[in-house]
Amino acid sequence: MSQDALYWSPRGGNNVQDGWGSCHKFTSEQTNAETGKIEKDTIIVDLGQHERPAMFGGGQYDRVVPDLADCLDVPNCPSVDESDKAKAIFLTHGHSDHISGVFAYAMAGVKLPPVYGSEFTLNMVKKGFVERGIPADKQPELREIKAGQTVEIGGVKIRSMQASHSIPGALSFKISNASTAIFHTGDTKGDESSYLQGGVNFADYAEIAKEGKIDLMTFDGTTAARKGHATYESEIFDCYDKLFAENSKHQMIVPLAAAHCERLATVIAAAEKNGKNVILNGGPSMDTNLLGLQMSGIDLAKKFPHIAVVGVKNPLADKLDPKDTITITTGIYMEKDSPFVQYLQGKNNGFKFAKDAVIIAPLTTDKNEKMAFLMATSERAQGHTIITAATRPKMYGSGHAQADDFRRIAGILKPRTVAPIHTRTPGADDFNKLAAEEGYGTFPRQVKNGEIVKVTNKECALVAQDRQQWFGVKIQGNTAELTSIKDTSFKTAELKRRRDAYRAQQETQKRACLAKFAGRSK
Amino acid sequence: MMWDDFLPLGQALEERFPETDVLSVSDAELARMLGALPMTDGAGKMPESADFFYQVKVAWIQARRTEPADTSMEADL
Ligand SMILES: [Zn+2]
């Protein structure tokens, strides 16, 4: 029995330079008491894509995804031993940096094991299959799980728990075998408030703590070293509530991120409190997210019955007085398909923008410099009041835990050891420092993609230091070709030069925006 | 034509019924709209499950895209 262990290997997300492309491999090894044989079970948690493919291979790939050729049969790669094959893929939530690797593998003709996720997450997966024209015979089987449910894959138990992120249906997983337990948070911020489906319930953590010792907690490290707690949806609600009251005589335009469904609900709730109708005009990306919500039983119009919540193409939208409406759109990341971005760029797309409309945009000039620059310079935005998170910081909140959230969650779960996921090396170092100060066991440095940690009920040890490999994906129609990327070229001088040039440009734009905004913001 | 050729169905719906508020189209209405498309003539029985209509609607919205679906959404998502 001394051999029994769980192995954790981050395969994406624990990058040196960023946290994109989440993917984690967990393998259970247990000795069968009767036969004396070692039984092996491997599962994958998340299979995302790296969101900056241009950073690899000189920009020749359409997508970049984690290389899982050691546990999946991939064309042109050595075939995998049956005992090493992944038996299931569990998805924490439906963002592309956690699910889109599934599409790349399916398009490459890889036979994937069953994919587990919440109803909303699986609706996002189904949407991805349709959008890419991936035929049914190439799609893996999808199996819905509910928060609180436990699934057994061979000798491993995967118990799910509701997390709180910027999207509904986010789950954390406790992964355990007979001797060892790992708690994998996925993306979470530990927020109890939600205007959509309910936030995190701390009693759930307490229940998991009661079930037995957590040997390792792999924790969302994106912003976990930042002081304080993540801005809660309830605080963001208060901020919008005030802004809507202050500007109630004007049409208001609120650009959000298309996939940020939680925030969308928070903003609509604040609109309802102020008796303002809502027009949703975020373009196709927002529409498919709304469709996914509908399909998961969440109808925003029914959820907020005291106001009209209508799509811009709904005939009712034309009948609403702009003064009484808040238009929720997209564009804070300068998404090309955002109707608001296109309008500001000069396109006549019928975007309704009253002369005295107020723009309430949750952007910070250092993160959203492109949109800030567009709003500052667009002819069409001249003369409009623009309120941003630069002066109203509670308008913006990320979907990730901060130091106090970590303290609170870890304080209940009391894991023996913790390790950051979904973050780059400097963030991981800061997190490890914080966790050590709080008295948890930590690793001396970031556990990077491709490395392997052996977890037993006594200790956690780094047992292999592999170099991370990614697959470059070239897409043709609804098929894809995967090629192993041996070296990540961000290390090269050329990439460094490009990055520096990009940063210098950002800096110039930021200064230009701040100067422009100075006289107009409030 | 097969009922799971979603993208061509979405394209045809967008051509025939542009400016429709896809989000407020009921499944029954969508079934009628699909039935009105020449390309569905002679196709077998429509699947008529909620899942089927969801996929058709995704494809319909997809037909409106001028940019790829997969945009990275937030620097710290
Ligand atoms: Zn993420």
# chains A, B, ... in the order shown; residues from 1 in each chain; ligands from 1

$ residues_near_ligand --ligand "ligand 1" --cutoff "10 Å" --atoms "only C-alpha atoms and all ligand atoms" --output "JSON, numbers by chain"
{"A": [13, 19, 20, 21, 22, 46, 48, 49, 92, 93, 94, 95, 96, 97, 98, 99, 165, 166, 186, 187, 188, 220, 222, 399, 400, 421, 422, 423], "B": [73, 74, 75, 76, 77]}

$ interface_residues --of "chain B" --to "chain A" --cutoff "12 Å" --atoms "only C-alpha atoms" --output "JSON, numbers by chain"
{"B": [2, 3, 4, 5, 6, 7, 8, 9, 10, 11, 17, 18, 19, 20, 21, 22, 23, 24, 25, 26, 27, 49, 50, 51, 52, 53, 54, 55, 56, 57, 58, 59, 60, 61, 62, 63, 64, 65, 66, 67, 68, 69, 70, 71, 72, 73, 74, 75, 76, 77]}

$ write_last_selection --atoms "N, CA and C atoms" --output "short mmCIF file (atom, residue, chain, number, x, y, z; two decimals), in the first residue's frame"
data_model
loop_
_atom_site.label_atom_id
_atom_site.label_comp_id
_atom_site.auth_asym_id
_atom_site.auth_seq_id
_atom_site.Cartn_x
_atom_site.Cartn_y
_atom_site.Cartn_z
N MET B 2 -29.05 16.76 -44.35
CA MET B 2 -29.26 16.07 -43.08
C MET B 2 -29.60 17.13 -42.03
N TRP B 3 -30.37 16.73 -41.05
CA TRP B 3 -30.79 17.70 -40.03
C TRP B 3 -29.64 18.18 -39.15
N ASP B 4 -28.50 17.44 -39.19
CA ASP B 4 -27.40 17.96 -38.38
C ASP B 4 -26.38 18.75 -39.21
N ASP B 5 -26.76 19.14 -40.42
CA ASP B 5 -25.95 20.10 -41.19
C ASP B 5 -26.27 21.51 -40.68
N PHE B 6 -25.88 21.77 -39.45
CA PHE B 6 -26.35 22.99 -38.79
C PHE B 6 -25.91 24.27 -39.50
N LEU B 7 -24.64 24.33 -39.90
CA LEU B 7 -24.16 25.60 -40.47
C LEU B 7 -24.91 26.00 -41.74
N PRO B 8 -25.11 25.06 -42.69
CA PRO B 8 -25.92 25.45 -43.86
C PRO B 8 -27.35 25.85 -43.49
N LEU B 9 -27.92 25.18 -42.49
CA LEU B 9 -29.27 25.55 -42.06
C LEU B 9 -29.28 26.97 -41.49
N GLY B 10 -28.26 27.28 -40.68
CA GLY B 10 -28.17 28.61 -40.09
C GLY B 10 -28.03 29.68 -41.17
N GLN B 11 -27.20 29.37 -42.15
CA GLN B 11 -26.99 30.30 -43.28
C GLN B 11 -28.30 30.56 -44.01
N PHE B 17 -34.68 34.85 -43.30
CA PHE B 17 -35.30 35.65 -42.23
C PHE B 17 -34.28 36.57 -41.56
N PRO B 18 -33.70 37.50 -42.33
CA PRO B 18 -32.69 38.36 -41.72
C PRO B 18 -33.34 39.26 -40.66
N GLU B 19 -32.56 39.83 -39.78
CA GLU B 19 -33.07 40.76 -38.77
C GLU B 19 -34.00 40.11 -37.76
N THR B 20 -34.06 38.79 -37.73
CA THR B 20 -34.89 38.13 -36.72
C THR B 20 -34.17 38.16 -35.38
N ASP B 21 -34.93 38.35 -34.30
CA ASP B 21 -34.37 38.27 -32.96
C ASP B 21 -34.32 36.78 -32.59
N VAL B 22 -33.22 36.16 -32.91
CA VAL B 22 -33.10 34.70 -32.76
C VAL B 22 -33.42 34.26 -31.32
N LEU B 23 -33.01 35.12 -30.37
CA LEU B 23 -33.18 34.74 -28.96
C LEU B 23 -34.64 34.64 -28.53
N SER B 24 -35.54 35.32 -29.26
CA SER B 24 -36.94 35.22 -28.82
C SER B 24 -37.78 34.32 -29.73
N VAL B 25 -37.14 33.62 -30.63
CA VAL B 25 -37.87 32.68 -31.50
C VAL B 25 -38.16 31.40 -30.70
N SER B 26 -39.42 31.01 -30.64
CA SER B 26 -39.75 29.78 -29.91
C SER B 26 -39.40 28.56 -30.77
N ASP B 27 -39.29 27.42 -30.12
CA ASP B 27 -38.96 26.20 -30.86
C ASP B 27 -40.02 25.90 -31.93
N SER B 49 -36.04 18.24 -30.93
CA SER B 49 -35.68 18.24 -29.51
C SER B 49 -35.15 19.63 -29.17
N ALA B 50 -35.15 19.97 -27.89
CA ALA B 50 -34.64 21.26 -27.45
C ALA B 50 -33.18 21.41 -27.88
N ASP B 51 -32.45 20.32 -27.78
CA ASP B 51 -31.05 20.29 -28.16
C ASP B 51 -30.86 20.62 -29.65
N PHE B 52 -31.73 20.07 -30.46
CA PHE B 52 -31.67 20.32 -31.91
C PHE B 52 -31.90 21.80 -32.20
N PHE B 53 -32.94 22.37 -31.60
CA PHE B 53 -33.25 23.78 -31.87
C PHE B 53 -32.13 24.69 -31.35
N TYR B 54 -31.54 24.31 -30.23
CA TYR B 54 -30.41 25.09 -29.69
C TYR B 54 -29.28 25.13 -30.72
N GLN B 55 -28.97 23.97 -31.26
CA GLN B 55 -27.85 23.92 -32.22
C GLN B 55 -28.17 24.70 -33.49
N VAL B 56 -29.43 24.64 -33.92
CA VAL B 56 -29.83 25.42 -35.09
C VAL B 56 -29.66 26.92 -34.80
N LYS B 57 -30.06 27.34 -33.60
CA LYS B 57 -29.96 28.76 -33.25
C LYS B 57 -28.49 29.20 -33.17
N VAL B 58 -27.65 28.34 -32.61
CA VAL B 58 -26.21 28.66 -32.56
C VAL B 58 -25.71 28.90 -33.99
N ALA B 59 -26.11 28.00 -34.90
CA ALA B 59 -25.65 28.11 -36.29
C ALA B 59 -26.20 29.37 -36.95
N TRP B 60 -27.43 29.71 -36.59
CA TRP B 60 -28.04 30.92 -37.16
C TRP B 60 -27.23 32.16 -36.73
N ILE B 61 -26.93 32.24 -35.45
CA ILE B 61 -26.13 33.37 -34.96
C ILE B 61 -24.74 33.34 -35.60
N GLN B 62 -24.21 32.14 -35.77
CA GLN B 62 -22.89 31.98 -36.39
C GLN B 62 -22.89 32.59 -37.80
N ALA B 63 -24.02 32.46 -38.49
CA ALA B 63 -24.11 33.00 -39.86
C ALA B 63 -24.00 34.52 -39.86
N ARG B 64 -24.16 35.14 -38.70
CA ARG B 64 -24.08 36.61 -38.62
C ARG B 64 -22.68 37.10 -38.29
N ARG B 65 -21.80 36.18 -38.03
CA ARG B 65 -20.45 36.60 -37.62
C ARG B 65 -19.65 37.12 -38.79
N THR B 66 -18.95 38.20 -38.53
CA THR B 66 -18.00 38.67 -39.52
C THR B 66 -16.59 38.38 -39.03
N GLU B 67 -16.51 37.95 -37.76
CA GLU B 67 -15.21 37.66 -37.14
C GLU B 67 -15.28 36.27 -36.52
N PRO B 68 -14.13 35.60 -36.35
CA PRO B 68 -14.16 34.27 -35.76
C PRO B 68 -14.72 34.27 -34.33
N ALA B 69 -15.32 33.13 -33.96
CA ALA B 69 -15.99 33.02 -32.66
C ALA B 69 -15.01 33.07 -31.51
N ASP B 70 -13.84 32.52 -31.74
CA ASP B 70 -12.94 32.26 -30.65
C ASP B 70 -12.05 33.44 -30.33
N THR B 71 -12.57 34.41 -29.63
CA THR B 71 -11.72 35.52 -29.25
C THR B 71 -11.37 35.36 -27.78
N SER B 72 -10.19 35.69 -27.43
CA SER B 72 -9.85 35.62 -26.02
C SER B 72 -10.59 36.76 -25.36
N MET B 73 -11.15 36.47 -24.21
CA MET B 73 -12.13 37.42 -23.70
C MET B 73 -11.61 38.36 -22.65
N GLU B 74 -10.74 37.89 -21.86
CA GLU B 74 -10.33 38.74 -20.75
C GLU B 74 -8.91 38.36 -20.38
N ALA B 75 -8.09 39.36 -20.18
CA ALA B 75 -6.68 39.09 -19.93
C ALA B 75 -6.47 38.18 -18.73
N ASP B 76 -7.40 38.17 -17.79
CA ASP B 76 -7.19 37.29 -16.65
C ASP B 76 -8.32 36.30 -16.44
N LEU B 77 -8.99 35.93 -17.50
CA LEU B 77 -10.03 34.90 -17.39
C LEU B 77 -9.42 33.59 -16.96
#

$ atom_distance --atom1 "atom CA of A:Arg407" --atom2 "atom CA of A:Val16"
24.8 Å

$ residues_around --residues "stretch 452-458 of chain A" --least-positions-apart "4" --cutoff "8 Å" --atoms "only C-alpha atoms" --output "JSON, numbers by chain"
{"A": [4, 5, 6, 7, 8, 9, 10, 179, 180, 181, 215, 216, 462, 463, 464, 465, 466]}

$ select_by_dssp --residues "stretch 114-236 of chain A" --states "strand (DSSP E)" --output "MDAnalysis selection string"
chainID A and resid 115:117 142:144 150:153 156:162 171:176 181:184 216:220

$ write_last_selection --atoms "C-alpha atoms" --output "CSV table (one decimal), in the first residue's frame"
chain,number,residue,atom,x,y,z
A,115,VAL,CA,-16.4,14.8,-21.3
A,116,TYR,CA,-18.0,15.8,-18.0
A,117,GLY,CA,-19.2,19.3,-17.0
A,142,LEU,CA,-21.0,14.6,-23.1
A,143,ARG,CA,-22.1,13.8,-19.6
A,144,GLU,CA,-23.7,16.3,-17.4
A,150,THR,CA,-19.5,12.4,-7.3
A,151,VAL,CA,-18.4,10.4,-10.3
A,152,GLU,CA,-16.2,7.4,-10.1
A,153,ILE,CA,-13.7,6.7,-12.8
A,156,VAL,CA,-10.8,7.7,-8.6
A,157,LYS,CA,-13.6,9.7,-7.2
A,158,ILE,CA,-14.3,13.1,-8.6
A,159,ARG,CA,-16.6,15.1,-6.4
A,160,SER,CA,-17.8,18.4,-7.8
A,161,MET,CA,-18.6,21.6,-5.9
A,162,GLN,CA,-20.0,24.9,-7.1
A,171,LEU,CA,-17.1,23.8,-10.6
A,172,SER,CA,-14.3,22.9,-8.3
A,173,PHE,CA,-13.3,19.2,-8.0
A,174,LYS,CA,-12.1,17.1,-5.2
A,175,ILE,CA,-10.1,14.2,-6.8
A,176,SER,CA,-9.4,11.3,-4.5
A,181,ALA,CA,-7.1,13.7,-1.9
A,182,ILE,CA,-6.5,16.7,-4.1
A,183,PHE,CA,-8.8,19.7,-4.2
A,184,HIS,CA,-8.7,21.5,-7.5
A,216,LEU,CA,-2.9,19.1,-1.9
A,217,MET,CA,-5.0,22.0,-3.0
A,218,THR,CA,-4.3,23.3,-6.5
A,219,PHE,CA,-5.6,26.9,-6.2
A,220,ASP,CA,-6.5,29.6,-8.7

$ closest_residue --among "A:Phe471, A:His384, A:Asp191, A:Ser378" --to "A:His229" --atoms "only C-alpha atoms"
A:Asp191

$ residues_around --residues "A:Lys40" --least-positions-apart "2" --cutoff "9 Å" --atoms "only C-alpha atoms" --output "list of chain:residue names"
A:Thr27, A:Ser28, A:Glu29, A:Gln30, A:Thr31, A:Ile38, A:Thr42, A:Ser83, A:Asp84, A:Gly154, A:Gly155

$ write_last_selection --atoms "C-alpha atoms" --output "mmCIF file, in the first residue's frame"
data_model
loop_
_atom_site.group_PDB
_atom_site.id
_atom_site.type_symbol
_atom_site.label_atom_id
_atom_site.label_comp_id
_atom_site.auth_asym_id
_atom_site.auth_seq_id
_atom_site.Cartn_x
_atom_site.Cartn_y
_atom_site.Cartn_z
ATOM 1 C CA THR A 27 -3.267 9.798 -12.289
ATOM 2 C CA SER A 28 -4.176 7.469 -9.471
ATOM 3 C CA GLU A 29 -1.941 4.501 -8.721
ATOM 4 C CA GLN A 30 -3.252 1.970 -6.226
ATOM 5 C CA THR A 31 -2.245 -1.549 -5.399
ATOM 6 C CA ILE A 38 -0.962 -1.633 -9.512
ATOM 7 C CA THR A 42 -5.908 8.868 -15.478
ATOM 8 C CA SER A 83 -3.273 1.707 -18.940
ATOM 9 C CA ASP A 84 -1.936 5.203 -19.622
ATOM 10 C CA GLY A 154 -11.999 3.361 -11.988
ATOM 11 C CA GLY A 155 -10.448 3.876 -8.584
#

$ select_by_dssp --residues "stretch 30-218 of chain A" --states "helix (DSSP H, G or I)" --output "VMD selection string"
chain A and resid 53 to 55 57 to 59 82 to 84 96 to 107 119 to 131 136 to 138 202 to 210

$ decode --residues "stretch 303-319 of chain A" --atoms "N, CA, C and O atoms" --output "mmCIF file, in the first residue's frame"
data_model
loop_
_atom_site.group_PDB
_atom_site.id
_atom_site.type_symbol
_atom_site.label_atom_id
_atom_site.label_comp_id
_atom_site.auth_asym_id
_atom_site.auth_seq_id
_atom_site.Cartn_x
_atom_site.Cartn_y
_atom_site.Cartn_z
ATOM 1 N N LYS A 303 -36.213 36.520 -15.467
ATOM 2 C CA LYS A 303 -35.523 36.697 -14.194
ATOM 3 C C LYS A 303 -35.677 38.122 -13.656
ATOM 4 O O LYS A 303 -35.653 38.345 -12.452
ATOM 5 N N PHE A 304 -35.807 39.067 -14.569
ATOM 6 C CA PHE A 304 -35.960 40.475 -14.167
ATOM 7 C C PHE A 304 -37.277 41.003 -14.730
ATOM 8 O O PHE A 304 -37.293 41.771 -15.695
ATOM 9 N N PRO A 305 -38.394 40.581 -14.124
ATOM 10 C CA PRO A 305 -39.707 40.817 -14.730
ATOM 11 C C PRO A 305 -40.202 42.261 -14.648
ATOM 12 O O PRO A 305 -41.155 42.618 -15.335
ATOM 13 N N HIS A 306 -39.577 43.108 -13.832
ATOM 14 C CA HIS A 306 -40.109 44.462 -13.664
ATOM 15 C C HIS A 306 -39.654 45.429 -14.751
ATOM 16 O O HIS A 306 -40.091 46.575 -14.795
ATOM 17 N N ILE A 307 -38.730 45.007 -15.585
ATOM 18 C CA ILE A 307 -38.284 45.851 -16.697
ATOM 19 C C ILE A 307 -38.313 45.022 -17.979
ATOM 20 O O ILE A 307 -38.448 43.796 -17.926
ATOM 21 N N ALA A 308 -38.173 45.708 -19.105
ATOM 22 C CA ALA A 308 -38.034 44.969 -20.366
ATOM 23 C C ALA A 308 -36.562 44.638 -20.561
ATOM 24 O O ALA A 308 -35.710 45.516 -20.406
ATOM 25 N N VAL A 309 -36.267 43.377 -20.824
ATOM 26 C CA VAL A 309 -34.899 42.966 -21.174
ATOM 27 C C VAL A 309 -35.009 42.338 -22.558
ATOM 28 O O VAL A 309 -35.527 41.234 -22.699
ATOM 29 N N VAL A 310 -34.583 43.088 -23.577
ATOM 30 C CA VAL A 310 -34.821 42.606 -24.943
ATOM 31 C C VAL A 310 -33.569 42.694 -25.807
ATOM 32 O O VAL A 310 -32.708 43.555 -25.611
ATOM 33 N N GLY A 311 -33.481 41.801 -26.749
ATOM 34 C CA GLY A 311 -32.420 41.842 -27.746
ATOM 35 C C GLY A 311 -32.680 43.017 -28.681
ATOM 36 O O GLY A 311 -33.828 43.433 -28.860
ATOM 37 N N VAL A 312 -31.633 43.558 -29.274
ATOM 38 C CA VAL A 312 -31.766 44.764 -30.096
ATOM 39 C C VAL A 312 -32.637 44.508 -31.331
ATOM 40 O O VAL A 312 -33.262 45.425 -31.866
ATOM 41 N N LYS A 313 -32.705 43.259 -31.784
ATOM 42 C CA LYS A 313 -33.525 42.962 -32.963
ATOM 43 C C LYS A 313 -34.985 42.700 -32.610
ATOM 44 O O LYS A 313 -35.811 42.497 -33.488
ATOM 45 N N ASN A 314 -35.283 42.669 -31.313
ATOM 46 C CA ASN A 314 -36.664 42.490 -30.888
ATOM 47 C C ASN A 314 -37.451 43.761 -31.224
ATOM 48 O O ASN A 314 -37.006 44.864 -30.918
ATOM 49 N N PRO A 315 -38.631 43.640 -31.882
ATOM 50 C CA PRO A 315 -39.404 44.829 -32.274
ATOM 51 C C PRO A 315 -39.660 45.776 -31.092
ATOM 52 O O PRO A 315 -39.754 46.991 -31.263
ATOM 53 N N LEU A 316 -39.742 45.228 -29.893
ATOM 54 C CA LEU A 316 -39.993 46.047 -28.709
ATOM 55 C C LEU A 316 -38.849 47.049 -28.446
ATOM 56 O O LEU A 316 -39.075 48.140 -27.916
ATOM 57 N N ALA A 317 -37.640 46.686 -28.844
ATOM 58 C CA ALA A 317 -36.477 47.539 -28.577
ATOM 59 C C ALA A 317 -36.648 48.925 -29.206
ATOM 60 O O ALA A 317 -36.262 49.932 -28.621
ATOM 61 N N ASP A 318 -37.253 48.966 -30.404
ATOM 62 C CA ASP A 318 -37.445 50.239 -31.098
ATOM 63 C C ASP A 318 -38.453 51.130 -30.392
ATOM 64 O O ASP A 318 -38.455 52.344 -30.569
ATOM 65 N N LYS A 319 -39.336 50.509 -29.634
ATOM 66 C CA LYS A 319 -40.405 51.280 -28.991
ATOM 67 C C LYS A 319 -39.952 51.901 -27.673
ATOM 68 O O LYS A 319 -40.634 52.755 -27.127
#
